[in-house]
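Reproduced below: entry-v1.txt, with compact mmCIF, C-alpha atoms and all ligand atoms.
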# COMPACT_ATOMS: atom_id res chain seq x y z
CA MET A 575 8.88 24.18 -5.35
CA GLU A 576 5.46 24.84 -6.83
CA THR A 577 3.49 21.59 -7.10
CA LEU A 578 1.18 21.24 -10.08
CA ILE A 579 -2.18 19.85 -8.98
CA LEU A 580 -4.00 17.96 -11.73
CA LYS A 581 -7.61 17.23 -10.87
CA VAL A 582 -8.88 14.33 -12.91
CA GLY A 583 -12.65 13.91 -13.17
CA ASP A 584 -12.72 11.28 -15.88
CA PRO A 585 -9.77 8.92 -15.35
CA TYR A 586 -10.17 7.44 -18.84
CA LYS A 587 -10.20 10.72 -20.77
CA ASP A 588 -8.88 13.78 -18.91
CA ASP A 589 -5.57 15.18 -20.05
CA ILE A 590 -2.62 13.88 -18.02
CA SER A 591 0.06 14.75 -20.59
CA GLN A 592 1.63 17.34 -18.26
CA ALA A 593 2.23 14.64 -15.64
CA CYS A 594 3.70 12.37 -18.29
CA LYS A 595 6.04 15.14 -19.44
CA ILE A 596 7.18 15.81 -15.87
CA LEU A 597 8.09 12.12 -15.45
CA LYS A 598 10.00 12.09 -18.74
CA ASN A 599 11.93 15.15 -17.57
CA GLY A 600 13.02 13.34 -14.41
CA GLY A 601 10.39 14.84 -12.08
CA LEU A 602 8.21 13.18 -9.43
CA VAL A 603 4.46 12.67 -9.79
CA ALA A 604 2.10 11.38 -7.10
CA PHE A 605 -0.71 9.43 -8.74
CA PRO A 606 -3.76 7.43 -7.70
CA THR A 607 -3.85 3.64 -7.91
CA GLU A 608 -6.51 1.19 -6.74
CA THR A 609 -4.47 0.38 -3.58
CA VAL A 610 -2.98 3.65 -2.25
CA TYR A 611 -1.46 6.74 -3.93
CA GLY A 612 2.00 6.19 -5.40
CA LEU A 613 4.97 8.57 -5.60
CA GLY A 614 6.44 7.88 -9.02
CA ALA A 615 9.63 8.45 -10.99
CA LEU A 616 10.62 6.76 -14.22
CA ALA A 617 12.15 3.43 -13.24
CA PHE A 618 14.98 3.71 -15.76
CA MET A 619 16.07 7.16 -14.52
CA PRO A 620 18.21 6.47 -11.42
CA GLY A 621 18.62 10.18 -10.65
CA ALA A 622 14.85 10.66 -10.53
CA VAL A 623 14.41 7.50 -8.45
CA ARG A 624 16.92 8.79 -5.89
CA LYS A 625 14.74 11.86 -5.41
CA ILE A 626 11.89 9.63 -4.20
CA PHE A 627 14.05 8.47 -1.28
CA ALA A 628 15.13 12.02 -0.45
CA VAL A 629 11.58 13.42 -0.49
CA LYS A 630 10.08 10.60 1.59
CA GLY A 631 12.99 10.24 3.97
CA ARG A 632 13.06 6.58 2.95
CA PRO A 633 16.06 4.33 3.68
CA ALA A 634 17.89 3.50 0.42
CA ASP A 635 17.72 -0.28 0.96
CA ASN A 636 13.91 -0.29 1.02
CA PRO A 637 13.05 -1.29 -2.58
CA LEU A 638 10.36 0.29 -4.75
CA ILE A 639 7.67 -1.41 -6.79
CA VAL A 640 7.79 -0.91 -10.57
CA HIS A 641 4.38 -0.11 -12.08
CA VAL A 642 3.77 -1.18 -15.67
CA SER A 643 0.94 -0.74 -18.16
CA SER A 644 1.03 -4.08 -20.00
CA LEU A 645 2.43 -7.60 -19.78
CA GLU A 646 5.01 -6.57 -22.41
CA GLN A 647 6.27 -3.83 -20.08
CA PHE A 648 6.15 -6.36 -17.24
CA GLU A 649 8.69 -8.49 -19.10
CA GLU A 650 10.93 -5.51 -19.82
CA VAL A 651 11.55 -5.25 -16.09
CA CYS A 652 11.98 -8.84 -14.92
CA TYR A 653 12.46 -12.48 -16.00
CA VAL A 654 9.04 -14.08 -15.62
CA ASP A 655 9.06 -17.74 -14.64
CA GLU A 656 7.05 -19.37 -17.46
CA ARG A 657 5.01 -21.56 -15.10
CA TYR A 658 3.38 -18.50 -13.60
CA TRP A 659 2.12 -16.78 -16.77
CA PRO A 660 -1.40 -18.31 -16.59
CA VAL A 661 -1.94 -17.03 -13.05
CA ILE A 662 -0.40 -13.63 -13.76
CA LYS A 663 -2.68 -13.23 -16.77
CA LYS A 664 -5.64 -14.15 -14.62
CA ILE A 665 -5.10 -11.64 -11.81
CA THR A 666 -3.54 -8.70 -13.58
CA PRO A 667 -4.16 -5.88 -13.88
CA GLY A 668 -4.89 -5.68 -10.17
CA PRO A 669 -3.72 -4.99 -6.60
CA VAL A 670 -0.90 -7.55 -6.56
CA THR A 671 2.90 -7.25 -6.92
CA PHE A 672 5.12 -10.10 -8.09
CA VAL A 673 8.80 -10.43 -7.20
CA PHE A 674 11.03 -11.90 -9.94
CA ARG A 675 14.69 -11.73 -10.90
CA LYS A 676 15.36 -8.27 -12.32
CA ARG A 677 16.60 -7.47 -15.82
CA PRO A 678 20.12 -6.00 -15.78
CA HIS A 679 19.01 -2.51 -16.86
CA VAL A 680 16.77 -2.03 -13.80
CA PRO A 681 18.80 0.36 -11.62
CA ASN A 682 19.97 -0.65 -8.15
CA GLU A 683 18.29 2.49 -6.85
CA VAL A 684 14.92 0.84 -7.59
CA THR A 685 15.65 -2.53 -6.01
CA GLY A 686 17.68 -1.39 -3.02
CA GLY A 687 20.61 -3.34 -4.46
CA LEU A 688 18.71 -6.66 -4.71
CA ASN A 689 18.85 -8.84 -7.83
CA THR A 690 15.06 -9.17 -7.69
CA VAL A 691 12.36 -6.61 -8.42
CA GLY A 692 8.71 -6.14 -7.40
CA VAL A 693 6.49 -5.52 -10.45
CA ARG A 694 2.85 -4.50 -10.53
CA PHE A 695 0.37 -3.96 -13.36
CA PRO A 696 -2.21 -1.74 -11.65
CA ALA A 697 -5.88 -1.70 -12.63
CA HIS A 698 -6.38 2.03 -12.02
CA PRO A 699 -6.84 3.79 -15.39
CA ILE A 700 -4.71 6.81 -14.41
CA ALA A 701 -1.78 4.64 -13.27
CA GLN A 702 -2.08 2.61 -16.47
CA ARG A 703 -2.22 5.65 -18.72
CA LEU A 704 0.81 7.23 -17.02
CA ALA A 705 2.97 4.12 -17.42
CA LEU A 706 1.78 3.69 -21.00
CA CYS A 707 2.77 7.22 -21.92
CA ALA A 708 5.97 7.58 -19.87
CA GLY A 709 7.25 3.99 -19.37
CA PRO A 710 7.62 1.80 -16.26
CA ILE A 711 7.23 3.86 -13.07
CA ALA A 712 9.04 3.08 -9.81
CA ALA A 713 6.79 4.08 -6.94
CA PRO A 714 6.41 3.52 -3.23
CA SER A 715 3.40 4.92 -1.39
CA ALA A 716 3.12 8.73 -1.62
CA ASN A 717 3.55 9.49 2.10
CA LEU A 718 6.44 10.69 4.21
CA SER A 719 8.31 7.65 5.53
CA GLY A 720 6.76 6.29 8.72
CA LYS A 721 3.29 7.82 8.14
CA PRO A 722 0.25 5.82 7.09
CA SER A 723 0.01 5.42 3.32
CA PRO A 724 -2.22 8.01 1.62
CA THR A 725 -5.59 6.88 0.31
CA THR A 726 -6.93 10.36 -0.52
CA PHE A 727 -5.61 13.35 -2.45
CA GLU A 728 -5.75 15.39 0.78
CA SER A 729 -3.35 13.00 2.56
CA VAL A 730 -0.86 13.20 -0.32
CA TYR A 731 -1.16 16.99 -0.35
CA GLU A 732 -0.56 17.14 3.40
CA ASP A 733 2.72 15.19 3.08
CA LEU A 734 4.12 16.23 -0.29
CA ASN A 735 2.79 19.59 -1.48
CA GLY A 736 5.73 21.86 -2.32
CA LYS A 737 8.15 18.92 -2.36
CA ILE A 738 7.38 17.29 -5.73
CA GLU A 739 6.52 18.48 -9.24
CA CYS A 740 2.96 17.16 -9.54
CA ILE A 741 0.08 15.52 -7.66
CA ILE A 742 -2.79 13.96 -9.59
CA ASP A 743 -6.07 14.12 -7.68
CA GLY A 744 -8.04 11.05 -8.67
CA GLY A 745 -10.30 10.72 -5.63
CA GLU A 746 -10.21 8.07 -2.93
CA SER A 747 -8.37 4.74 -3.39
CA ALA A 748 -10.71 1.79 -3.84
CA PHE A 749 -8.86 -0.79 -1.72
CA GLY A 750 -7.05 1.50 0.71
CA ILE A 751 -4.22 -0.88 1.67
CA GLU A 752 -1.05 -1.66 -0.26
CA SER A 753 -0.83 -4.44 -2.84
CA THR A 754 -0.37 -8.08 -1.95
CA ILE A 755 3.29 -9.00 -2.62
CA VAL A 756 4.09 -12.52 -3.83
CA ASP A 757 7.70 -13.63 -4.26
CA LEU A 758 7.85 -16.08 -7.20
CA THR A 759 11.61 -16.66 -7.21
CA GLY A 760 11.49 -19.83 -5.10
CA GLU A 761 9.95 -23.31 -5.43
CA THR A 762 6.68 -22.27 -3.77
CA PRO A 763 5.05 -18.84 -4.01
CA LEU A 764 5.82 -16.85 -0.87
CA VAL A 765 3.46 -14.09 0.26
CA LEU A 766 5.71 -11.31 1.56
CA ARG A 767 2.89 -8.89 2.30
CA PRO A 768 -0.81 -9.75 2.55
CA GLY A 769 -3.09 -7.29 0.78
CA PRO A 770 -6.30 -6.88 -1.22
CA ILE A 771 -5.80 -10.26 -2.97
CA THR A 772 -6.25 -12.61 -0.03
CA ILE A 773 -4.26 -15.71 0.96
CA GLU A 774 -7.35 -17.82 0.25
CA GLU A 775 -7.58 -16.39 -3.28
CA LEU A 776 -3.85 -16.99 -3.85
CA GLU A 777 -4.17 -20.60 -2.69
CA GLU A 778 -6.94 -21.08 -5.16
CA LEU A 779 -4.80 -19.65 -7.96
CA PHE A 780 -1.40 -21.16 -7.13
CA GLY A 781 -2.29 -24.27 -5.16
CA LYS A 782 0.09 -24.08 -2.23
CA VAL A 783 1.52 -20.77 -1.03
CA ASN A 784 3.71 -19.98 1.96
CA VAL A 785 3.06 -16.89 4.04
CA PHE A 786 6.04 -15.01 5.35
CA ASN A 787 5.80 -14.39 9.07
CA PRO A 788 8.63 -12.23 10.44
CA GLU A 789 8.06 -13.60 13.94
CA GLU A 790 8.47 -17.23 12.93
CA THR A 791 11.38 -17.23 10.54
CA SER A 792 15.12 -17.33 10.45
CA ARG A 793 15.06 -15.85 6.93
CA PRO A 794 16.45 -12.31 6.91
CA LEU A 795 13.67 -9.73 6.80
CA SER A 796 12.74 -8.57 3.31
CA PRO A 797 13.88 -4.98 2.94
CA GLY A 798 11.06 -2.69 3.84
CA MET A 799 9.60 -5.06 6.39
CA LYS A 800 12.00 -3.97 9.07
CA TYR A 801 11.00 -0.32 8.84
CA ARG A 802 8.48 1.68 10.78
CA HIS A 803 5.18 1.71 8.93
CA TYR A 804 1.68 3.02 9.10
CA ALA A 805 1.90 4.30 12.66
CA PRO A 806 0.35 7.44 14.09
CA ASP A 807 2.70 9.48 16.30
CA LYS A 808 0.35 9.16 19.29
CA PRO A 809 0.22 5.85 21.18
CA LEU A 810 -2.15 3.27 19.68
CA LYS A 811 -3.29 0.08 21.40
CA LEU A 812 -5.10 -3.02 20.16
CA VAL A 813 -8.10 -4.09 22.26
CA ASN A 814 -10.71 -6.84 22.11
CA SER A 815 -14.22 -5.66 21.30
CA GLU A 816 -15.51 -6.70 24.74
CA GLU A 817 -13.07 -4.27 26.38
CA LEU A 818 -14.21 -1.28 24.34
CA ALA A 819 -16.89 -0.16 26.79
CA ASN A 820 -14.12 0.74 29.29
CA PHE A 821 -13.05 3.60 27.02
CA ALA A 822 -16.44 5.33 26.71
CA ASN A 823 -16.13 9.12 27.09
CA THR A 824 -12.45 9.10 28.07
CA ASP A 825 -9.78 11.24 26.37
CA ILE A 826 -8.76 8.18 24.36
CA LEU A 827 -10.06 7.93 20.81
CA VAL A 828 -11.73 4.60 20.00
CA LEU A 829 -11.47 3.25 16.44
CA CYS A 830 -14.00 0.45 16.08
CA THR A 831 -16.53 -1.23 13.82
CA GLU A 832 -20.09 0.01 13.50
CA GLU A 833 -21.27 -3.17 15.20
CA SER A 834 -19.11 -2.57 18.28
CA LYS A 835 -20.10 1.07 18.54
CA GLU A 836 -23.74 0.03 18.53
CA LYS A 837 -23.13 -2.68 21.13
CA PHE A 838 -20.56 -1.16 23.52
CA LEU A 839 -20.28 2.58 22.91
CA LYS A 840 -23.70 3.69 21.87
CA ASN A 841 -23.68 7.17 23.40
CA ALA A 842 -19.93 7.75 23.57
CA ARG A 843 -18.47 10.85 21.89
CA ASN A 844 -14.89 9.63 21.51
CA VAL A 845 -15.54 7.11 18.75
CA LEU A 846 -14.54 6.96 15.09
CA THR A 847 -16.13 4.05 13.23
CA ILE A 848 -13.94 2.35 10.62
CA GLY A 849 -16.80 0.54 8.86
CA SER A 850 -19.05 -2.47 9.20
CA LEU A 851 -17.94 -6.09 9.62
CA LYS A 852 -20.44 -6.85 6.88
CA ARG A 853 -18.40 -4.77 4.41
CA PRO A 854 -14.78 -5.58 5.26
CA TYR A 855 -13.36 -3.94 2.12
CA THR A 856 -14.78 -0.66 3.38
CA ILE A 857 -12.79 -1.11 6.61
CA ALA A 858 -9.63 -1.52 4.50
CA GLN A 859 -10.56 1.61 2.57
CA ASN A 860 -11.08 3.65 5.78
CA LEU A 861 -8.13 2.34 7.80
CA TYR A 862 -5.29 4.74 6.92
CA LYS A 863 -7.59 7.77 6.86
CA SER A 864 -8.64 6.81 10.40
CA LEU A 865 -5.03 6.29 11.56
CA ARG A 866 -4.11 9.71 10.18
CA TYR A 867 -7.04 11.20 12.09
CA VAL A 868 -5.58 9.95 15.39
CA ASP A 869 -2.78 12.52 15.22
CA LYS A 870 -5.11 15.32 14.11
CA SER A 871 -7.74 14.63 16.76
CA PRO A 872 -7.84 16.32 20.18
CA TYR A 873 -7.36 12.92 21.90
CA SER A 874 -4.09 12.02 23.63
CA SER A 875 -3.98 8.43 22.39
CA ALA A 876 -6.14 5.84 20.67
CA VAL A 877 -7.28 2.25 20.84
CA ILE A 878 -8.32 0.15 17.87
CA GLU A 879 -10.58 -2.89 17.85
CA LYS A 880 -9.11 -6.32 17.18
CA LEU A 881 -10.70 -7.84 14.08
CA PRO A 882 -10.96 -11.43 12.83
CA GLU A 883 -8.00 -12.78 10.83
CA TYR A 884 -9.33 -14.49 7.72
CA GLY A 885 -9.74 -13.25 4.14
CA ILE A 886 -9.28 -9.51 3.74
CA PHE A 887 -9.42 -9.11 7.55
CA PHE A 888 -6.04 -10.90 7.71
CA SER A 889 -4.50 -8.15 5.55
CA ILE A 890 -6.21 -5.41 7.53
CA MET A 891 -4.97 -6.90 10.83
CA ASN A 892 -1.43 -7.11 9.38
CA ARG A 893 -1.48 -3.30 8.96
CA ILE A 894 -3.18 -2.68 12.30
CA LYS A 895 -0.56 -4.77 14.13
CA LYS A 896 2.24 -2.84 12.44
CA ALA A 897 0.60 0.45 13.39
CA VAL A 898 0.24 -0.71 16.99
CA ARG A 899 3.84 -1.91 17.19
CA GLY A 900 4.96 1.39 15.64
CA GLU A 901 7.89 -0.58 14.28
CA LYS A 902 11.04 1.43 14.78
CA LYS A 903 13.64 2.02 12.11
P1 LIG B 1001 5.72 0.57 -0.53
O1 LIG B 1001 5.33 0.82 -1.95
O2 LIG B 1001 6.04 1.80 0.24
O3 LIG B 1001 4.74 -0.30 0.15
O4 LIG B 1001 7.09 -0.24 -0.58
C1 LIG B 1001 7.32 -1.30 -1.44
C2 LIG B 1001 7.58 -2.55 -0.67
O5 LIG B 1001 7.66 -3.62 -1.59
C3 LIG B 1001 8.92 -2.60 0.05
O6 LIG B 1001 8.87 -2.04 1.32
C4 LIG B 1001 9.23 -4.10 0.10
O7 LIG B 1001 8.66 -4.67 1.27
C5 LIG B 1001 8.51 -4.65 -1.12
N1 LIG B 1001 9.44 -5.01 -2.21
C6 LIG B 1001 9.71 -4.31 -3.33
N2 LIG B 1001 10.63 -4.94 -4.09
C7 LIG B 1001 10.95 -6.07 -3.45
C8 LIG B 1001 11.85 -7.15 -3.72
N3 LIG B 1001 12.63 -7.18 -4.80
N4 LIG B 1001 11.94 -8.13 -2.81
C9 LIG B 1001 11.18 -8.11 -1.70
N5 LIG B 1001 10.31 -7.13 -1.39
C10 LIG B 1001 10.18 -6.11 -2.24
MG MG B 1002 5.00 2.69 1.89
Let me see the file written as structure tokens.
Ligand code: AMP
Ligand code: MG
Amino acid sequence: METLILKVGDPYKDDISQACKILKNGGLVAFPTETVYGLGALAFMPGAVRKIFAVKGRPADNPLIVHVSSLEQFEEVCYVDERYWPVIKKITPGPVTFVFRKRPHVPNEVTGGLNTVGVRFPAHPIAQRLALCAGPIAAPSANLSGKPSPTTFESVYEDLNGKIECIIDGGESAFGIESTIVDLTGETPLVLRPGPITIEELEELFGKVNVFNPEETSRPLSPGMKYRHYAPDKPLKLVNSEELANFANTDILVLCTEESKEKFLKNARNVLTIGSLKRPYTIAQNLYKSLRYVDKSPYSSAVIEKLPEYGIFFSIMNRIKKAVRGEKK
């Protein structure tokens, strides 16, 4: 299949009507969002949604997030619990997904058979314009299943060129890790996946929140959490910063902060810096690009520096730990 590449310079103005038409005709479009690139189909077209699973090699019980362009569209997809409107209005549009009971017309293909649905109102102008023109868009990340999510056009192209109808090139994703997911179907908000909106910020907004920890719960794993994510094919190990010096000039690639390179690996060649501790959001933005580089690099394996676990670092470490575990299907 020939993939149409739409390069968008001005996300507010450039013509994206071809992408909109492709979606309406049941095709797949990869599009930029502020978290990572999404692989979209119209949420109310089950046949198109099924193609997402086929192209990605994604298990059918791993649900997709529905992307909407307004709070009106938000309500077309799910039953919003009235108590949460003030908070939702405060933090949307943005890098956060809410799980609510689904409306009956949302196809099972989207929700992996669940009676709940994840809904997100993204802040990225291209994502908003697409959903405004075409309708709610079901989209997981635009990578092949098991690979790190794509945060650049090049990564999407690498995985999906020739397999889908259209890729919109909108430059690099601002946040670089997937949205925070908050389940609002229970008594207390439950964070299913930490992300750009931090636990601390959620506590401020909601009061109390619970954080789902797969290692400490008897609750069955939310679909999607049991699958292999974010992992390079080569072995990847987590190491404390003090141990990094041991890896200088070996055939192991070291992914570390600028501070640790300066301190422990000053003249080493085998280092890829992932950003400065002083600018943690930049580390989030660089993470998946760096993990993808591991497989492309001439090195046989890699180590990655252990980071703190508060604020946005907590979300970054969540992804790093998954990459290190290389969670199997
Ligand atoms: P991705 O966009 O690839 O990060 O995948 C979307 C993720 O959202 C899934 O893997 C699930 O973890 C989560 N998700 C989507 N819908 C639901 C839902 N109804 N309940 C729980 N988790 C969900
Ligand atoms: Mg994904």
**Message:** Residues within 6 Å of (2.7, 4.8, -4.5), file coordinates, counting only C-alpha atoms: what are they? Give the list as a ChimeraX atom specification.
**Reply:** /A:611-613,713-716
Leaving out segment 663-678 of chain A and any residue of its chain fewer than 3 positions from it, which residues lie within 8 Å of it when counting all atoms listed in the file, given as a PDB file with C-alpha atoms, in the coordinates of the input?
ATOM      1  CA  GLU A 608      -6.510   1.190  -6.740  1.00  0.00           C
ATOM      2  CA  THR A 609      -4.470   0.380  -3.580  1.00  0.00           C
ATOM      3  CA  ILE A 639       7.670  -1.410  -6.790  1.00  0.00           C
ATOM      4  CA  GLU A 650      10.930  -5.510 -19.820  1.00  0.00           C
ATOM      5  CA  VAL A 651      11.550  -5.250 -16.090  1.00  0.00           C
ATOM      6  CA  CYS A 652      11.980  -8.840 -14.920  1.00  0.00           C
ATOM      7  CA  TYR A 653      12.460 -12.480 -16.000  1.00  0.00           C
ATOM      8  CA  VAL A 654       9.040 -14.080 -15.620  1.00  0.00           C
ATOM      9  CA  ASP A 655       9.060 -17.740 -14.640  1.00  0.00           C
ATOM     10  CA  TRP A 659       2.120 -16.780 -16.770  1.00  0.00           C
ATOM     11  CA  PRO A 660      -1.400 -18.310 -16.590  1.00  0.00           C
ATOM     12  CA  PRO A 681      18.800   0.360 -11.620  1.00  0.00           C
ATOM     13  CA  ASN A 689      18.850  -8.840  -7.830  1.00  0.00           C
ATOM     14  CA  THR A 690      15.060  -9.170  -7.690  1.00  0.00           C
ATOM     15  CA  VAL A 691      12.360  -6.610  -8.420  1.00  0.00           C
ATOM     16  CA  GLY A 692       8.710  -6.140  -7.400  1.00  0.00           C
ATOM     17  CA  VAL A 693       6.490  -5.520 -10.450  1.00  0.00           C
ATOM     18  CA  ARG A 694       2.850  -4.500 -10.530  1.00  0.00           C
ATOM     19  CA  PHE A 695       0.370  -3.960 -13.360  1.00  0.00           C
ATOM     20  CA  PRO A 696      -2.210  -1.740 -11.650  1.00  0.00           C
ATOM     21  CA  ALA A 697      -5.880  -1.700 -12.630  1.00  0.00           C
ATOM     22  CA  GLU A 752      -1.050  -1.660  -0.260  1.00  0.00           C
ATOM     23  CA  SER A 753      -0.830  -4.440  -2.840  1.00  0.00           C
ATOM     24  CA  THR A 754      -0.370  -8.080  -1.950  1.00  0.00           C
ATOM     25  CA  ILE A 755       3.290  -9.000  -2.620  1.00  0.00           C
ATOM     26  CA  VAL A 756       4.090 -12.520  -3.830  1.00  0.00           C
ATOM     27  CA  ASP A 757       7.700 -13.630  -4.260  1.00  0.00           C
ATOM     28  CA  LEU A 758       7.850 -16.080  -7.200  1.00  0.00           C
ATOM     29  CA  THR A 759      11.610 -16.660  -7.210  1.00  0.00           C
ATOM     30  CA  GLY A 769      -3.090  -7.290   0.780  1.00  0.00           C
ATOM     31  CA  PRO A 770      -6.300  -6.880  -1.220  1.00  0.00           C
ATOM     32  CA  ILE A 771      -5.800 -10.260  -2.970  1.00  0.00           C
TER      33      ILE A 771
END
**Message:** I need the residue nearest Ala701 of chain A from this list: A:Cys594, A:Leu645, A:Ile626, A:Met619. Use all atoms listed in the file for the distance.
**Reply:**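 Comparing A:Cys594, A:Leu645, A:Ile626, A:Met619 against Ala701 of chain A, the winner is A:Cys594.
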Which residues form the shell of 12 Å around ligand MG 1002 (chain B) when you count only C-alpha atoms and all ligand atoms, given as a PDB file with C-alpha atoms, keeping the file's coordinate frame?
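So selection29.pdb came out as:
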ATOM      1  CA  THR A 609      -4.470   0.380  -3.580  1.00  0.00           C
ATOM      2  CA  VAL A 610      -2.980   3.650  -2.250  1.00  0.00           C
ATOM      3  CA  TYR A 611      -1.460   6.740  -3.930  1.00  0.00           C
ATOM      4  CA  GLY A 612       2.000   6.190  -5.400  1.00  0.00           C
ATOM      5  CA  LEU A 613       4.970   8.570  -5.600  1.00  0.00           C
ATOM      6  CA  ILE A 626      11.890   9.630  -4.200  1.00  0.00           C
ATOM      7  CA  PHE A 627      14.050   8.470  -1.280  1.00  0.00           C
ATOM      8  CA  LYS A 630      10.080  10.600   1.590  1.00  0.00           C
ATOM      9  CA  GLY A 631      12.990  10.240   3.970  1.00  0.00           C
ATOM     10  CA  ARG A 632      13.060   6.580   2.950  1.00  0.00           C
ATOM     11  CA  PRO A 633      16.060   4.330   3.680  1.00  0.00           C
ATOM     12  CA  ASN A 636      13.910  -0.290   1.020  1.00  0.00           C
ATOM     13  CA  PRO A 637      13.050  -1.290  -2.580  1.00  0.00           C
ATOM     14  CA  LEU A 638      10.360   0.290  -4.750  1.00  0.00           C
ATOM     15  CA  ILE A 639       7.670  -1.410  -6.790  1.00  0.00           C
ATOM     16  CA  ALA A 713       6.790   4.080  -6.940  1.00  0.00           C
ATOM     17  CA  PRO A 714       6.410   3.520  -3.230  1.00  0.00           C
ATOM     18  CA  SER A 715       3.400   4.920  -1.390  1.00  0.00           C
ATOM     19  CA  ALA A 716       3.120   8.730  -1.620  1.00  0.00           C
ATOM     20  CA  ASN A 717       3.550   9.490   2.100  1.00  0.00           C
ATOM     21  CA  LEU A 718       6.440  10.690   4.210  1.00  0.00           C
ATOM     22  CA  SER A 719       8.310   7.650   5.530  1.00  0.00           C
ATOM     23  CA  GLY A 720       6.760   6.290   8.720  1.00  0.00           C
ATOM     24  CA  LYS A 721       3.290   7.820   8.140  1.00  0.00           C
ATOM     25  CA  PRO A 722       0.250   5.820   7.090  1.00  0.00           C
ATOM     26  CA  SER A 723       0.010   5.420   3.320  1.00  0.00           C
ATOM     27  CA  PRO A 724      -2.220   8.010   1.620  1.00  0.00           C
ATOM     28  CA  THR A 725      -5.590   6.880   0.310  1.00  0.00           C
ATOM     29  CA  ILE A 751      -4.220  -0.880   1.670  1.00  0.00           C
ATOM     30  CA  GLU A 752      -1.050  -1.660  -0.260  1.00  0.00           C
ATOM     31  CA  SER A 753      -0.830  -4.440  -2.840  1.00  0.00           C
ATOM     32  CA  ARG A 767       2.890  -8.890   2.300  1.00  0.00           C
ATOM     33  CA  PRO A 797      13.880  -4.980   2.940  1.00  0.00           C
ATOM     34  CA  GLY A 798      11.060  -2.690   3.840  1.00  0.00           C
ATOM     35  CA  MET A 799       9.600  -5.060   6.390  1.00  0.00           C
ATOM     36  CA  TYR A 801      11.000  -0.320   8.840  1.00  0.00           C
ATOM     37  CA  ARG A 802       8.480   1.680  10.780  1.00  0.00           C
ATOM     38  CA  HIS A 803       5.180   1.710   8.930  1.00  0.00           C
ATOM     39  CA  TYR A 804       1.680   3.020   9.100  1.00  0.00           C
ATOM     40  CA  ALA A 805       1.900   4.300  12.660  1.00  0.00           C
ATOM     41  CA  TYR A 862      -5.290   4.740   6.920  1.00  0.00           C
ATOM     42  CA  ARG A 893      -1.480  -3.300   8.960  1.00  0.00           C
TER      43      ARG A 893
END
**Prompt:** Thr824 of chain A: which residues within 12 Å, counting all atoms listed in the file, same-chain residues fewer than 6 positions away excluded, as a VMD selection string?
**Reply:** chain A and resid 818 839 842 to 845 872 to 877
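Checking A:Ile590, A:Val783, A:Val680, A:Leu706 one by one against ligand LIG 1001 (chain B), counting all atoms listed in the file, you find the shortest gap at A:Val680.
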